[in-house]
Structure formats: structure tokens, C-alpha cells
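Enquirer: Have a peek at run-v1.cif (mmCIF, C-alpha atoms (C1' of nucleotides)).
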data_final
loop_
_atom_site.group_PDB
_atom_site.id
_atom_site.type_symbol
_atom_site.label_atom_id
_atom_site.label_comp_id
_atom_site.auth_asym_id
_atom_site.auth_seq_id
_atom_site.Cartn_x
_atom_site.Cartn_y
_atom_site.Cartn_z
ATOM 1 C CA MET B 7 0.000 0.000 0.000
ATOM 2 C CA ASN B 8 1.075 3.567 -0.680
ATOM 3 C CA PRO B 9 1.684 6.130 1.993
ATOM 4 C CA PHE B 10 -1.371 7.800 0.439
ATOM 5 C CA GLY B 11 -3.832 5.064 1.217
ATOM 6 C CA LEU B 12 -4.319 4.701 -2.496
ATOM 7 C CA GLN B 13 -4.973 1.172 -3.599
ATOM 8 C CA PHE B 14 -4.648 0.633 -7.318
ATOM 9 C CA HIS B 15 -7.217 -1.530 -9.015
ATOM 10 C CA SER B 16 -6.347 -3.395 -12.131
ATOM 11 C CA ASN B 17 -9.353 -2.198 -14.101
ATOM 12 C CA SER B 18 -8.025 1.184 -15.011
ATOM 13 C CA PRO B 19 -4.576 2.409 -16.077
ATOM 14 C CA ILE B 20 -2.483 3.378 -13.095
ATOM 15 C CA TYR B 21 -1.562 6.734 -14.602
ATOM 16 C CA LEU B 22 -5.242 7.682 -14.743
ATOM 17 C CA GLN B 23 -5.770 6.576 -11.160
ATOM 18 C CA LEU B 24 -2.807 8.658 -10.124
ATOM 19 C CA ALA B 25 -4.080 11.661 -12.069
ATOM 20 C CA GLU B 26 -7.516 11.357 -10.501
ATOM 21 C CA HIS B 27 -6.038 11.037 -7.028
ATOM 22 C CA ILE B 28 -3.929 14.154 -7.416
ATOM 23 C CA ARG B 29 -6.729 16.010 -9.175
ATOM 24 C CA ARG B 30 -8.956 15.452 -6.204
ATOM 25 C CA ALA B 31 -6.230 16.458 -3.796
ATOM 26 C CA ILE B 32 -6.117 19.741 -5.706
ATOM 27 C CA ALA B 33 -9.895 20.090 -5.697
ATOM 28 C CA SER B 34 -10.015 19.530 -1.943
ATOM 29 C CA GLY B 35 -7.268 22.043 -1.263
ATOM 30 C CA GLN B 36 -5.140 19.321 0.264
ATOM 31 C CA LEU B 37 -2.624 20.366 -2.356
ATOM 32 C CA ALA B 38 -2.696 24.116 -2.040
ATOM 33 C CA CYS B 39 -2.762 26.764 -4.698
ATOM 34 C CA GLY B 40 0.730 27.562 -5.979
ATOM 35 C CA GLN B 41 2.324 24.844 -3.896
ATOM 36 C CA ARG B 42 5.351 23.046 -5.258
ATOM 37 C CA LEU B 43 5.083 19.323 -5.908
ATOM 38 C CA ASP B 44 7.819 16.831 -5.229
ATOM 39 C CA SER B 45 9.886 15.819 -8.231
ATOM 40 C CA VAL B 46 8.638 13.225 -10.672
ATOM 41 C CA ARG B 47 11.160 10.747 -9.350
ATOM 42 C CA ASP B 48 10.280 11.374 -5.705
ATOM 43 C CA LEU B 49 6.562 11.144 -6.369
ATOM 44 C CA ALA B 50 7.037 7.965 -8.368
ATOM 45 C CA SER B 51 9.031 6.494 -5.543
ATOM 46 C CA ALA B 52 6.470 7.567 -2.955
ATOM 47 C CA TYR B 53 3.572 6.088 -4.921
ATOM 48 C CA GLN B 54 5.705 3.081 -5.823
ATOM 49 C CA VAL B 55 5.251 3.359 -9.551
ATOM 50 C CA ASN B 56 7.596 3.824 -12.448
ATOM 51 C CA PRO B 57 8.729 7.408 -13.089
ATOM 52 C CA ASN B 58 7.310 7.156 -16.610
ATOM 53 C CA THR B 59 3.897 6.337 -15.219
ATOM 54 C CA MET B 60 4.014 9.265 -12.817
ATOM 55 C CA GLN B 61 5.207 11.552 -15.573
ATOM 56 C CA ARG B 62 2.269 10.542 -17.689
ATOM 57 C CA ALA B 63 -0.152 11.247 -14.860
ATOM 58 C CA LEU B 64 1.378 14.680 -14.283
ATOM 59 C CA SER B 65 1.373 15.470 -17.987
ATOM 60 C CA THR B 66 -2.317 14.707 -18.038
ATOM 61 C CA LEU B 67 -2.971 17.158 -15.228
ATOM 62 C CA GLU B 68 -0.733 19.702 -16.890
ATOM 63 C CA SER B 69 -2.747 19.509 -20.092
ATOM 64 C CA GLU B 70 -5.790 20.320 -17.955
ATOM 65 C CA GLY B 71 -4.092 23.433 -16.649
ATOM 66 C CA LEU B 72 -4.024 22.171 -13.065
ATOM 67 C CA LEU B 73 -0.260 21.976 -12.941
ATOM 68 C CA ARG B 74 2.512 24.085 -14.374
ATOM 69 C CA SER B 75 6.042 22.824 -14.786
ATOM 70 C CA GLU B 76 9.121 24.998 -14.634
ATOM 71 C CA ARG B 77 12.033 23.530 -16.428
ATOM 72 C CA THR B 78 14.384 22.941 -13.536
ATOM 73 C CA ALA B 79 12.581 24.363 -10.541
ATOM 74 C CA GLY B 80 9.875 21.724 -10.377
ATOM 75 C CA ARG B 81 6.126 21.468 -10.769
ATOM 76 C CA PHE B 82 3.571 23.722 -9.166
ATOM 77 C CA ILE B 83 -0.149 23.672 -8.554
ATOM 78 C CA THR B 84 -1.928 26.287 -10.614
ATOM 79 C CA GLU B 85 -2.683 29.611 -8.951
ATOM 80 C CA ASP B 86 -5.874 29.968 -10.913
ATOM 81 C CA THR B 87 -8.331 29.843 -8.029
ATOM 82 C CA GLU B 88 -11.296 30.015 -10.348
ATOM 83 C CA LEU B 89 -10.114 26.921 -12.170
ATOM 84 C CA ILE B 90 -9.817 25.078 -8.893
ATOM 85 C CA ALA B 91 -13.248 26.223 -7.781
ATOM 86 C CA ALA B 92 -14.657 25.058 -11.101
ATOM 87 C CA LEU B 93 -12.850 21.775 -10.653
ATOM 88 C CA GLN B 94 -14.472 21.236 -7.267
ATOM 89 C CA VAL B 95 -17.942 21.730 -8.696
ATOM 90 C CA CYS B 96 -17.160 19.693 -11.782
ATOM 91 C CA GLU B 97 -15.829 16.759 -9.779
ATOM 92 C CA ALA B 98 -18.757 16.816 -7.401
ATOM 93 C CA ASP B 99 -21.252 16.908 -10.252
ATOM 94 C CA ALA B 100 -19.544 14.053 -12.031
ATOM 95 C CA ILE B 101 -19.391 11.910 -8.907
ATOM 96 C CA ILE B 102 -23.043 12.513 -8.086
ATOM 97 C CA ALA B 103 -24.209 11.896 -11.643
ATOM 98 C CA GLN B 104 -22.320 8.623 -11.794
ATOM 99 C CA PHE B 105 -23.702 7.658 -8.412
ATOM 100 C CA LEU B 106 -27.319 8.263 -9.362
ATOM 101 C CA GLU B 107 -26.878 6.405 -12.626
ATOM 102 C CA GLN B 108 -25.415 3.391 -10.860
ATOM 103 C CA MET B 109 -28.127 3.295 -8.232
ATOM 104 C CA GLN B 110 -30.806 3.445 -10.879
ATOM 105 C CA GLN B 111 -29.093 0.666 -12.793
ATOM 106 C CA ILE B 112 -29.671 -1.677 -9.871
ATOM 107 C CA GLY B 113 -33.281 -0.634 -9.701
ATOM 108 C CA CYS B 114 -33.080 1.671 -6.724
ATOM 109 C CA GLU B 115 -35.751 4.340 -6.660
ATOM 110 C CA ARG B 116 -34.966 7.985 -6.017
ATOM 111 C CA GLN B 117 -36.456 8.252 -2.587
ATOM 112 C CA ARG B 118 -34.773 5.046 -1.528
ATOM 113 C CA ILE B 119 -31.436 6.450 -2.681
ATOM 114 C CA LEU B 120 -31.882 9.385 -0.344
ATOM 115 C CA THR B 121 -32.725 7.111 2.549
ATOM 116 C CA LEU B 122 -29.713 4.907 1.956
ATOM 117 C CA VAL B 123 -27.314 7.821 1.682
ATOM 118 C CA GLN B 124 -28.761 9.299 4.827
ATOM 119 C CA SER B 125 -28.184 6.196 6.890
ATOM 120 C CA ALA B 126 -24.755 5.661 5.348
ATOM 121 C CA VAL B 127 -23.745 9.191 6.304
ATOM 122 C CA GLU B 128 -25.073 8.708 9.816
ATOM 123 C CA ALA B 129 -23.211 5.426 10.132
ATOM 124 C CA ALA B 130 -20.009 7.078 8.980
ATOM 125 C CA GLU B 131 -20.581 9.913 11.419
ATOM 126 C CA LYS B 132 -20.781 7.495 14.315
ATOM 127 C CA GLY B 133 -17.919 5.362 13.128
ATOM 128 C CA GLU B 134 -15.713 8.406 13.102
ATOM 129 C CA SER B 135 -16.675 9.987 16.400
ATOM 130 C CA HIS B 136 -14.120 7.858 18.207
ATOM 131 C CA GLY B 137 -10.934 8.995 16.520
ATOM 132 C CA THR B 138 -11.841 12.582 15.771
ATOM 133 C CA GLN B 139 -11.752 15.479 18.174
ATOM 134 C CA GLN B 140 -10.852 19.047 17.442
ATOM 135 C CA MET Z 11 -23.750 3.098 -29.216
ATOM 136 C CA ASN Z 12 -25.295 -0.190 -28.136
ATOM 137 C CA PRO Z 13 -28.992 -0.884 -28.070
ATOM 138 C CA PHE Z 14 -28.419 -1.011 -24.298
ATOM 139 C CA GLY Z 15 -27.331 2.590 -23.896
ATOM 140 C CA LEU Z 16 -24.043 1.236 -22.616
ATOM 141 C CA GLN Z 17 -21.082 3.355 -23.548
ATOM 142 C CA PHE Z 18 -17.744 1.655 -23.041
ATOM 143 C CA HIS Z 19 -14.983 3.710 -21.561
ATOM 144 C CA SER Z 20 -11.423 2.879 -22.340
ATOM 145 C CA ASN Z 21 -10.278 2.814 -18.722
ATOM 146 C CA SER Z 22 -11.524 -0.622 -17.872
ATOM 147 C CA PRO Z 23 -11.572 -3.912 -19.784
ATOM 148 C CA ILE Z 24 -14.714 -4.257 -21.823
ATOM 149 C CA TYR Z 25 -15.455 -7.715 -20.494
ATOM 150 C CA LEU Z 26 -15.617 -6.303 -16.967
ATOM 151 C CA GLN Z 27 -17.884 -3.496 -18.068
ATOM 152 C CA LEU Z 28 -20.131 -6.026 -19.740
ATOM 153 C CA ALA Z 29 -20.146 -8.231 -16.659
ATOM 154 C CA GLU Z 30 -21.022 -5.300 -14.424
ATOM 155 C CA HIS Z 31 -23.787 -4.187 -16.755
ATOM 156 C CA ILE Z 32 -25.390 -7.616 -16.814
ATOM 157 C CA ARG Z 33 -24.801 -8.119 -13.106
ATOM 158 C CA ARG Z 34 -26.763 -4.993 -12.380
ATOM 159 C CA ALA Z 35 -29.506 -6.013 -14.771
ATOM 160 C CA ILE Z 36 -29.803 -9.173 -12.693
ATOM 161 C CA ALA Z 37 -29.750 -7.251 -9.423
ATOM 162 C CA SER Z 38 -32.508 -4.946 -10.637
ATOM 163 C CA GLY Z 39 -34.684 -7.830 -11.809
ATOM 164 C CA GLN Z 40 -34.545 -6.477 -15.344
ATOM 165 C CA LEU Z 41 -33.148 -9.909 -16.152
ATOM 166 C CA ALA Z 42 -35.518 -12.150 -14.298
ATOM 167 C CA CYS Z 43 -34.828 -15.190 -12.178
ATOM 168 C CA GLY Z 44 -34.463 -18.324 -14.309
ATOM 169 C CA GLN Z 45 -34.765 -16.407 -17.545
ATOM 170 C CA ARG Z 46 -32.836 -17.642 -20.554
ATOM 171 C CA LEU Z 47 -30.172 -15.383 -22.034
ATOM 172 C CA ASP Z 48 -29.513 -14.961 -25.703
ATOM 173 C CA SER Z 49 -26.621 -16.982 -27.062
ATOM 174 C CA VAL Z 50 -23.057 -15.806 -26.656
ATOM 175 C CA ARG Z 51 -22.921 -14.944 -30.340
ATOM 176 C CA ASP Z 52 -26.190 -13.034 -30.321
ATOM 177 C CA LEU Z 53 -25.258 -11.097 -27.203
ATOM 178 C CA ALA Z 54 -21.866 -10.294 -28.654
ATOM 179 C CA SER Z 55 -23.488 -9.048 -31.790
ATOM 180 C CA ALA Z 56 -26.028 -6.987 -29.852
ATOM 181 C CA TYR Z 57 -23.371 -5.384 -27.680
ATOM 182 C CA GLN Z 58 -21.098 -5.069 -30.686
ATOM 183 C CA VAL Z 59 -18.151 -6.850 -29.155
ATOM 184 C CA ASN Z 60 -16.204 -9.935 -30.058
ATOM 185 C CA PRO Z 61 -17.798 -13.248 -29.010
ATOM 186 C CA ASN Z 62 -14.650 -14.043 -27.029
ATOM 187 C CA THR Z 63 -15.083 -10.873 -25.004
ATOM 188 C CA MET Z 64 -18.716 -11.659 -24.292
ATOM 189 C CA GLN Z 65 -17.853 -15.201 -23.361
ATOM 190 C CA ARG Z 66 -15.335 -13.930 -20.885
ATOM 191 C CA ALA Z 67 -17.889 -11.600 -19.319
ATOM 192 C CA LEU Z 68 -20.413 -14.425 -19.015
ATOM 193 C CA SER Z 69 -17.817 -16.795 -17.591
ATOM 194 C CA THR Z 70 -17.087 -14.209 -14.928
ATOM 195 C CA LEU Z 71 -20.739 -14.043 -13.938
ATOM 196 C CA GLU Z 72 -20.961 -17.809 -14.030
ATOM 197 C CA SER Z 73 -18.082 -18.114 -11.601
ATOM 198 C CA GLU Z 74 -20.078 -15.852 -9.288
ATOM 199 C CA GLY Z 75 -23.045 -18.205 -9.470
ATOM 200 C CA LEU Z 76 -25.266 -15.633 -11.160
ATOM 201 C CA LEU Z 77 -25.524 -17.594 -14.390
ATOM 202 C CA ARG Z 78 -25.732 -21.263 -15.217
ATOM 203 C CA SER Z 79 -24.927 -22.650 -18.627
ATOM 204 C CA GLU Z 80 -26.503 -25.748 -20.101
ATOM 205 C CA ARG Z 81 -24.397 -27.315 -22.741
ATOM 206 C CA THR Z 82 -26.592 -26.834 -25.764
ATOM 207 C CA ALA Z 83 -29.733 -25.267 -24.389
ATOM 208 C CA GLY Z 84 -28.220 -21.897 -23.531
ATOM 209 C CA ARG Z 85 -27.479 -19.786 -20.469
ATOM 210 C CA PHE Z 86 -29.891 -19.011 -17.681
ATOM 211 C CA ILE Z 87 -30.095 -16.573 -14.815
ATOM 212 C CA THR Z 88 -29.786 -18.305 -11.476
ATOM 213 C CA GLU Z 89 -32.978 -19.208 -9.649
ATOM 214 C CA ASP Z 90 -31.347 -18.596 -6.321
ATOM 215 C CA THR Z 91 -33.467 -15.670 -5.187
ATOM 216 C CA GLU Z 92 -31.457 -15.254 -2.013
ATOM 217 C CA LEU Z 93 -28.295 -14.818 -4.027
ATOM 218 C CA ILE Z 94 -29.954 -12.143 -6.103
ATOM 219 C CA ALA Z 95 -31.278 -10.369 -3.036
ATOM 220 C CA ALA Z 96 -27.797 -10.460 -1.532
ATOM 221 C CA LEU Z 97 -26.430 -9.128 -4.784
ATOM 222 C CA GLN Z 98 -28.797 -6.161 -4.656
ATOM 223 C CA VAL Z 99 -27.667 -5.216 -1.181
ATOM 224 C CA CYS Z 100 -24.034 -5.861 -1.989
ATOM 225 C CA GLU Z 101 -24.116 -3.706 -5.098
ATOM 226 C CA ALA Z 102 -25.908 -0.886 -3.337
ATOM 227 C CA ASP Z 103 -23.450 -0.951 -0.452
ATOM 228 C CA ALA Z 104 -20.493 -0.943 -2.803
ATOM 229 C CA ILE Z 105 -21.862 1.941 -4.843
ATOM 230 C CA ILE Z 106 -22.635 4.026 -1.774
ATOM 231 C CA ALA Z 107 -19.287 3.319 -0.141
ATOM 232 C CA GLN Z 108 -17.443 4.316 -3.284
ATOM 233 C CA PHE Z 109 -19.578 7.427 -3.566
ATOM 234 C CA LEU Z 110 -18.899 8.602 -0.029
ATOM 235 C CA GLU Z 111 -15.206 7.940 -0.412
ATOM 236 C CA GLN Z 112 -15.046 9.960 -3.606
ATOM 237 C CA MET Z 113 -16.959 12.870 -2.148
ATOM 238 C CA GLN Z 114 -14.698 12.966 0.878
ATOM 239 C CA GLN Z 115 -11.665 12.866 -1.391
ATOM 240 C CA ILE Z 116 -12.696 16.177 -2.869
ATOM 241 C CA GLY Z 117 -13.188 17.626 0.565
ATOM 242 C CA CYS Z 118 -16.950 17.499 0.710
ATOM 243 C CA GLU Z 119 -18.343 17.289 4.224
ATOM 244 C CA ARG Z 120 -20.973 14.765 5.190
ATOM 245 C CA GLN Z 121 -23.851 17.144 5.606
ATOM 246 C CA ARG Z 122 -23.027 18.807 2.322
ATOM 247 C CA ILE Z 123 -23.091 15.426 0.606
ATOM 248 C CA LEU Z 124 -26.641 14.922 1.786
ATOM 249 C CA THR Z 125 -27.684 18.327 0.552
ATOM 250 C CA LEU Z 126 -26.133 17.785 -2.862
ATOM 251 C CA VAL Z 127 -27.724 14.376 -3.314
ATOM 252 C CA GLN Z 128 -31.039 15.783 -2.253
ATOM 253 C CA SER Z 129 -31.007 18.524 -4.840
ATOM 254 C CA ALA Z 130 -29.665 16.186 -7.510
ATOM 255 C CA VAL Z 131 -32.513 13.764 -6.865
ATOM 256 C CA GLU Z 132 -35.022 16.592 -6.976
ATOM 257 C CA ALA Z 133 -33.543 17.857 -10.222
ATOM 258 C CA ALA Z 134 -33.724 14.380 -11.738
ATOM 259 C CA GLU Z 135 -37.315 14.094 -10.565
ATOM 260 C CA LYS Z 136 -38.278 17.259 -12.376
ATOM 261 C CA GLY Z 137 -36.239 16.478 -15.462
ATOM 262 C CA GLU Z 138 -38.111 13.234 -15.828
ATOM 263 C CA SER Z 139 -41.662 14.435 -15.305
ATOM 264 C CA HIS Z 140 -41.894 15.411 -18.941
ATOM 265 C CA GLY Z 141 -41.271 12.114 -20.673
ATOM 266 C CA THR Z 142 -42.739 9.777 -18.086
ATOM 267 C CA GLN Z 143 -46.383 9.122 -17.485
ATOM 268 C CA GLN Z 144 -48.038 5.978 -16.342
ATOM 269 C "C1'" DA U 23 33.228 26.140 -13.618
ATOM 270 C "C1'" DC U 24 31.197 22.187 -11.456
ATOM 271 C "C1'" DT U 25 27.640 19.323 -9.469
ATOM 272 C "C1'" DA U 26 23.210 17.889 -8.408
ATOM 273 C "C1'" DT U 27 18.535 18.153 -9.468
ATOM 274 C "C1'" DT U 28 14.844 19.363 -12.393
ATOM 275 C "C1'" DG U 29 11.669 18.040 -16.422
ATOM 276 C "C1'" DT U 30 11.693 15.493 -20.657
ATOM 277 C "C1'" DA U 31 12.464 11.992 -24.363
ATOM 278 C "C1'" DT U 32 13.522 7.506 -26.249
ATOM 279 C "C1'" DT U 33 13.940 2.583 -26.723
ATOM 280 C "C1'" DA U 34 12.987 -2.141 -25.591
ATOM 281 C "C1'" DA U 35 10.670 -5.827 -23.226
ATOM 282 C "C1'" DC U 36 6.709 -7.630 -20.877
ATOM 283 C "C1'" DT U 37 1.892 -8.143 -19.863
ATOM 284 C "C1'" DA U 38 -3.153 -7.871 -20.488
ATOM 285 C "C1'" DC U 39 -7.081 -6.976 -23.343
ATOM 286 C "C1'" DT U 40 -9.375 -7.273 -27.786
ATOM 287 C "C1'" DT U 41 -10.383 -9.137 -32.053
ATOM 288 C "C1'" DA U 42 -10.432 -12.529 -35.902
ATOM 289 C "C1'" DG U 43 -10.750 -16.906 -37.318
ATOM 290 C "C1'" DT U 44 -11.379 -21.592 -36.681
ATOM 291 C "C1'" DA U 45 -12.698 -25.796 -34.611
ATOM 292 C "C1'" DC U 46 -15.042 -29.227 -31.620
ATOM 293 C "C1'" DA U 47 -18.655 -31.575 -28.584
ATOM 294 C "C1'" DA U 48 -23.401 -31.811 -27.298
ATOM 295 C "C1'" DT U 49 -28.181 -31.750 -28.316
ATOM 296 C "C1'" DA U 50 -32.719 -29.986 -29.952
ATOM 297 C "C1'" DA U 51 -35.244 -29.866 -34.171
ATOM 298 C "C1'" DT U 52 -36.045 -31.813 -38.528
ATOM 299 C "C1'" DA R 12 -29.326 -39.546 -39.703
ATOM 300 C "C1'" DT R 13 -28.830 -34.796 -40.673
ATOM 301 C "C1'" DT R 14 -28.775 -30.016 -39.587
ATOM 302 C "C1'" DA R 15 -28.544 -26.018 -36.883
ATOM 303 C "C1'" DT R 16 -27.532 -24.068 -32.607
ATOM 304 C "C1'" DT R 17 -25.550 -24.234 -28.188
ATOM 305 C "C1'" DG R 18 -21.271 -23.554 -25.153
ATOM 306 C "C1'" DT R 19 -16.358 -24.003 -25.328
ATOM 307 C "C1'" DA R 20 -11.412 -23.936 -26.700
ATOM 308 C "C1'" DC R 21 -7.462 -22.519 -29.235
ATOM 309 C "C1'" DT R 22 -4.051 -19.781 -31.971
ATOM 310 C "C1'" DA R 23 -2.428 -15.572 -33.975
ATOM 311 C "C1'" DA R 24 -2.174 -10.663 -34.482
ATOM 312 C "C1'" DG R 25 -2.764 -5.996 -32.947
ATOM 313 C "C1'" DT R 26 -3.039 -2.445 -29.288
ATOM 314 C "C1'" DA R 27 -2.247 -0.213 -24.877
ATOM 315 C "C1'" DG R 28 -0.276 0.149 -20.368
ATOM 316 C "C1'" DT R 29 3.741 -0.688 -17.345
ATOM 317 C "C1'" DT R 30 8.383 -1.013 -16.308
ATOM 318 C "C1'" DA R 31 13.415 -0.605 -16.964
ATOM 319 C "C1'" DA R 32 17.210 1.728 -18.474
ATOM 320 C "C1'" DT R 33 19.287 5.476 -20.425
ATOM 321 C "C1'" DA R 34 20.120 9.994 -22.034
ATOM 322 C "C1'" DC R 35 19.756 15.050 -22.647
ATOM 323 C "C1'" DA R 36 18.837 20.131 -21.630
ATOM 324 C "C1'" DA R 37 18.260 23.596 -18.216
ATOM 325 C "C1'" DT R 38 19.377 25.772 -13.962
ATOM 326 C "C1'" DA R 39 19.918 26.352 -8.896
ATOM 327 C "C1'" DG R 40 23.461 25.742 -5.513
ATOM 328 C "C1'" DT R 41 28.197 25.274 -4.558
#
Written as C-alpha cells, that's how I'd like the structure from this file.
Expert:
Amino acid sequence: MNPFGLQFHSNSPIYLQLAEHIRRAIASGQLACGQRLDSVRDLASAYQVNPNTMQRALSTLESEGLLRSERTAGRFITEDTELIAALQVCEADAIIAQFLEQMQQIGCERQRILTLVQSAVEAAEKGESHGTQQ
Amino acid sequence: MNPFGLQFHSNSPIYLQLAEHIRRAIASGQLACGQRLDSVRDLASAYQVNPNTMQRALSTLESEGLLRSERTAGRFITEDTELIAALQVCEADAIIAQFLEQMQQIGCERQRILTLVQSAVEAAEKGESHGTQQ
DNA sequence: ACTATTGTATTAACTACTTAGTACAATAAT
DNA sequence: ATTATTGTACTAAGTAGTTAATACAATAGT
């Protein structure tokens, strides 16, 4: 397992899984605006993948404007706060749309979806109340 | 596009996407208990994939006990209603768990998740009221 | 100037998935 | 008996992702 708690599944190319993981870290602010990333080699080593694979993931994010690379200084998260805000919304919408589609595929009605999510959230709330205190 | 409205994405092997699609059709009851499936060749043709790919998808489902194949008569959905019921629950749980995990990855708090789902469901409700009437 | 580190590019080998094409055994229908 | 249809198995070729190994250009730090 990675130090990131990211478990790769074999269904999807690792570079896409990496890209999605980092994309969401950007969306959540966990990777802050303007922040410098570790080097390709360091990241690859940390995620335990080949540098080429990591490079491909980063290139993907770069083509989306989320990262910017400076020749020898390293890679940085974009400082375009609007882009990041848009990303947050976009990711949330996509996740929810996929979720609703999947639930309807298994024949789950709308109201039942709400009920299930509600109890799942409550369950998670309880399950977390032990470790968390701030 | 298929006659099933199933769009393959390149991230995941097609045979797994097929298996998941059929699995959910079974879970939803859209493919009924004991019902006979079309032949491998016909299904492959309908889904517009190679017969080998379809065969692999069906073999996967067979190994899960959801299908049973009779040498020359064809393939049938299991008649084990308990298995199907368990499948429904299992699929729903998996979908919800994945959903919550994804939403938390992008930094969305629990209560906000509920709100978003609620409005998404309401939006879907409205968006559907035009075409549907029965 | 030199060194280390950065991103980047290239090549080769390996694996998994997909497709095409073919073939065989079993049996229902004729 | 013959025919058509069923599931099943196999080989070969093509494609894409992963890894390994190497190399180069640019520049910050020394």
C-alpha cells in the first residue's frame, strides 16, 4: 500500500488513477494553490510506480491546466483559483451523476437512494466519532 | 452506441464493463430469475463486441453463481433468489461506499453530501416528469 | 566552472485486453 | 441420420499500459 492510502485496481490504467487522485487532492485544497510538488522521481518512488507512469499522470494534469512545470525548478499547482473552484464543482457533479446512474441501474428508486445515503452518512458519522476530536 | 445505452470507456476492460452491466440487470430484476439469455454470439453481436469478449464476461458471472450454462440449451439466470437479493444489497453498499469515499476525497463534508444528493434527486425528478407518465 | 537536481524523451521488453478466425462436442429440431 | 444451434477452446495478431534503463537540456546551488 502507498503512503497515500491509495490502492490501485487493475481495471483502469495506473496513470489515470494517479491523475484522478492528485486532481482530487487539488480540488479539496489538500494540495494548495501555488504549492510546489515533489519531483517526478520522488513522487514515483512515494507512490511506488515507475517514473514514466508518474510523468504521464502529471502530464495529463498539466494539459488540464491544473499543474505548471518549470524547467528545472519543479512542478507547481496552478494559482488559478477560479479553475480550482470550477474543478471542485465539476468533480462533485460528475461523482453525483455517476452515483445516481449506478443506483438506478440496480433498480433503486430515487427516494430510496436518499434514505440509503442518509443512513450511510449517519453510520459514517458514528464510526468516526471515536478517533476525531478538534 | 449499443442498443443497451451502454457506452464503453477505455479505462476498464470491456469484459468487466459487460459483466457489471449484466450483473446490475440481474440485481434490478430487469433480467428475471431463471430467464434464458440470448446466445453468446447473439449477445456479442447486440453489444457489438467480439464473441470471445462476451464469453469472458459471461464466464465471470458464471463463476459468481449468477448464471448457469446448459451445454446446448443456452445460459440461464440463477434461480437462487437469495443470491440475487444479496447481490442487490451488496451492489448498493459498494456503490454508496465508493460514492462517499469519492466525495470525501474532494473535501466534501458529510452534511453537504446529503444536501447535494437531495437537490440532484429533486432535479432528476423534475427532469423526468416530462417524458414519463403511467 | 562544477555538481546535483529538475523536467523530458527515447527505446525495448513484458503483460493484459481485444479481435479474428477456426474448430469441436453436445443436443434440440427436422 | 442430418442439420442447426448451443457452449467451449485454441491460436495468432494488434493495441495499450507498465516497467526498466538510459540519455539530454536547463538551472539552482556550490
Enquirer: When the PyMOL selection byres ((chain R and resi 21) around 12) is applied to the file above, which residues end up in the set, as a VMD selection string?
Expert: (chain Z and resid 62) or (chain U and resid 43 to 46) or (chain R and resid 19 to 20 22 to 23)
Enquirer: For a quick check of understanding, using all atoms listed in the file, which of Z:Ala83, Z:Leu76, Z:Leu71, Z:Ala56 has the smallest distance to chain U?
Expert: Z:Ala83
Enquirer: Smallest atom-to-atom distance to Gly35 of chain B: which of B:Glu76, B:Leu49, B:Thr87, B:Leu122, using all atoms listed in the file?
Expert: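 Selected residue with least distance to Gly35 of chain B: B:Thr87.
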Enquirer: For Gln40 of chain Z, please output as a list of chain:residue names all residues within 10 Å (counting all atoms listed in the file; exclusion window: fewer than 6 positions along the same chain).
Expert: B:Gln111, B:Ile112, B:Gly113, Z:Ile32, Z:Arg34
Enquirer: Ranking Z:Ser49, Z:Thr63, Z:Thr70, Z:Gln98 by minimum distance to chain R and counting all atoms listed in the file, which one comes first?
Expert: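 The answer is Z:Ser49, which sits nearest to chain R.
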Enquirer: Selection in question (the file shown): the PyMOL selection byres ((chain R) within 10 of (chain B)). Which residues does it include, as a list in words?
Expert: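 Matching residues under the PyMOL selection byres ((chain R) within 10 of (chain B)) are DA27, DG28, DT29, DT30, DA31, DA36, DA37, DT38 and DA39 of chain R.
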Enquirer: Distance table requested - chain U against chain Z, cut-off 7 Å, all atoms listed in the file: one row per qualifying residue with the closest atom pair and its distance in Å to one decimal, ordered by chain and rising residue number, as CSV.
Expert:
residue,atom,partner,partner_atom,distance
U:DC39,C1',Z:Pro23,CA,6.5
U:DT41,C1',Z:Asn60,CA,6.2
U:DA48,C1',Z:Thr82,CA,6.1
U:DT49,C1',Z:Thr82,CA,5.8
Enquirer: Please enumerate the residues selected by the PyMOL selection byres ((chain B) within 10 of (chain Z)) when evaluated against the supplied file, formatted as a PyMOL selection string.
Expert: chain B and resi 15-20+22-23+27-36+93-95+97-99+101-106+108-117+119-124+126-128+130-131
Enquirer: If I wrap all listed atoms of segment 65-83 of chain B in a box with edges along x, y and z and add 5 Å on each side, what are its centre and edge lengths in Å to one decimal, as AutoDock Vina command-line options?
Expert:
--center_x 4.3 --center_y 19.9 --center_z -14.3 --size_x 30.2 --size_y 20.3 --size_z 21.5
Enquirer: Have a look at atom CA of Leu93 of chain Z and atom C1' of DG18 of chain R and let me know their distance in Å, one decimal.
Expert: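 Computing the Euclidean distance for atom CA of Leu93 of chain Z and atom C1' of DG18 of chain R yields 23.9 Å.
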Enquirer: Can you list, as number ranges by chain, every protein, DNA or RNA residue that comes within 8 Å of Arg81 of chain B when you count only C-alpha atoms (C1' of nucleotides), leaving out same-chain residues fewer than 4 positions away?
Expert: B: 42-45, 73-76
Enquirer: Measure the distance from atom C1' of DA26 of chain U to atom CA of Glu68 of chain B in Å and round it to one decimal.
Expert: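 Taking atom C1' of DA26 of chain U and atom CA of Glu68 of chain B, their separation equals 25.5 Å.
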Enquirer: So how many Å separate atom CA of Gln61 of chain B and atom CA of Leu24 of chain B, to one decimal?
Expert: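 That distance, rounded to one decimal, is 10.1 Å.
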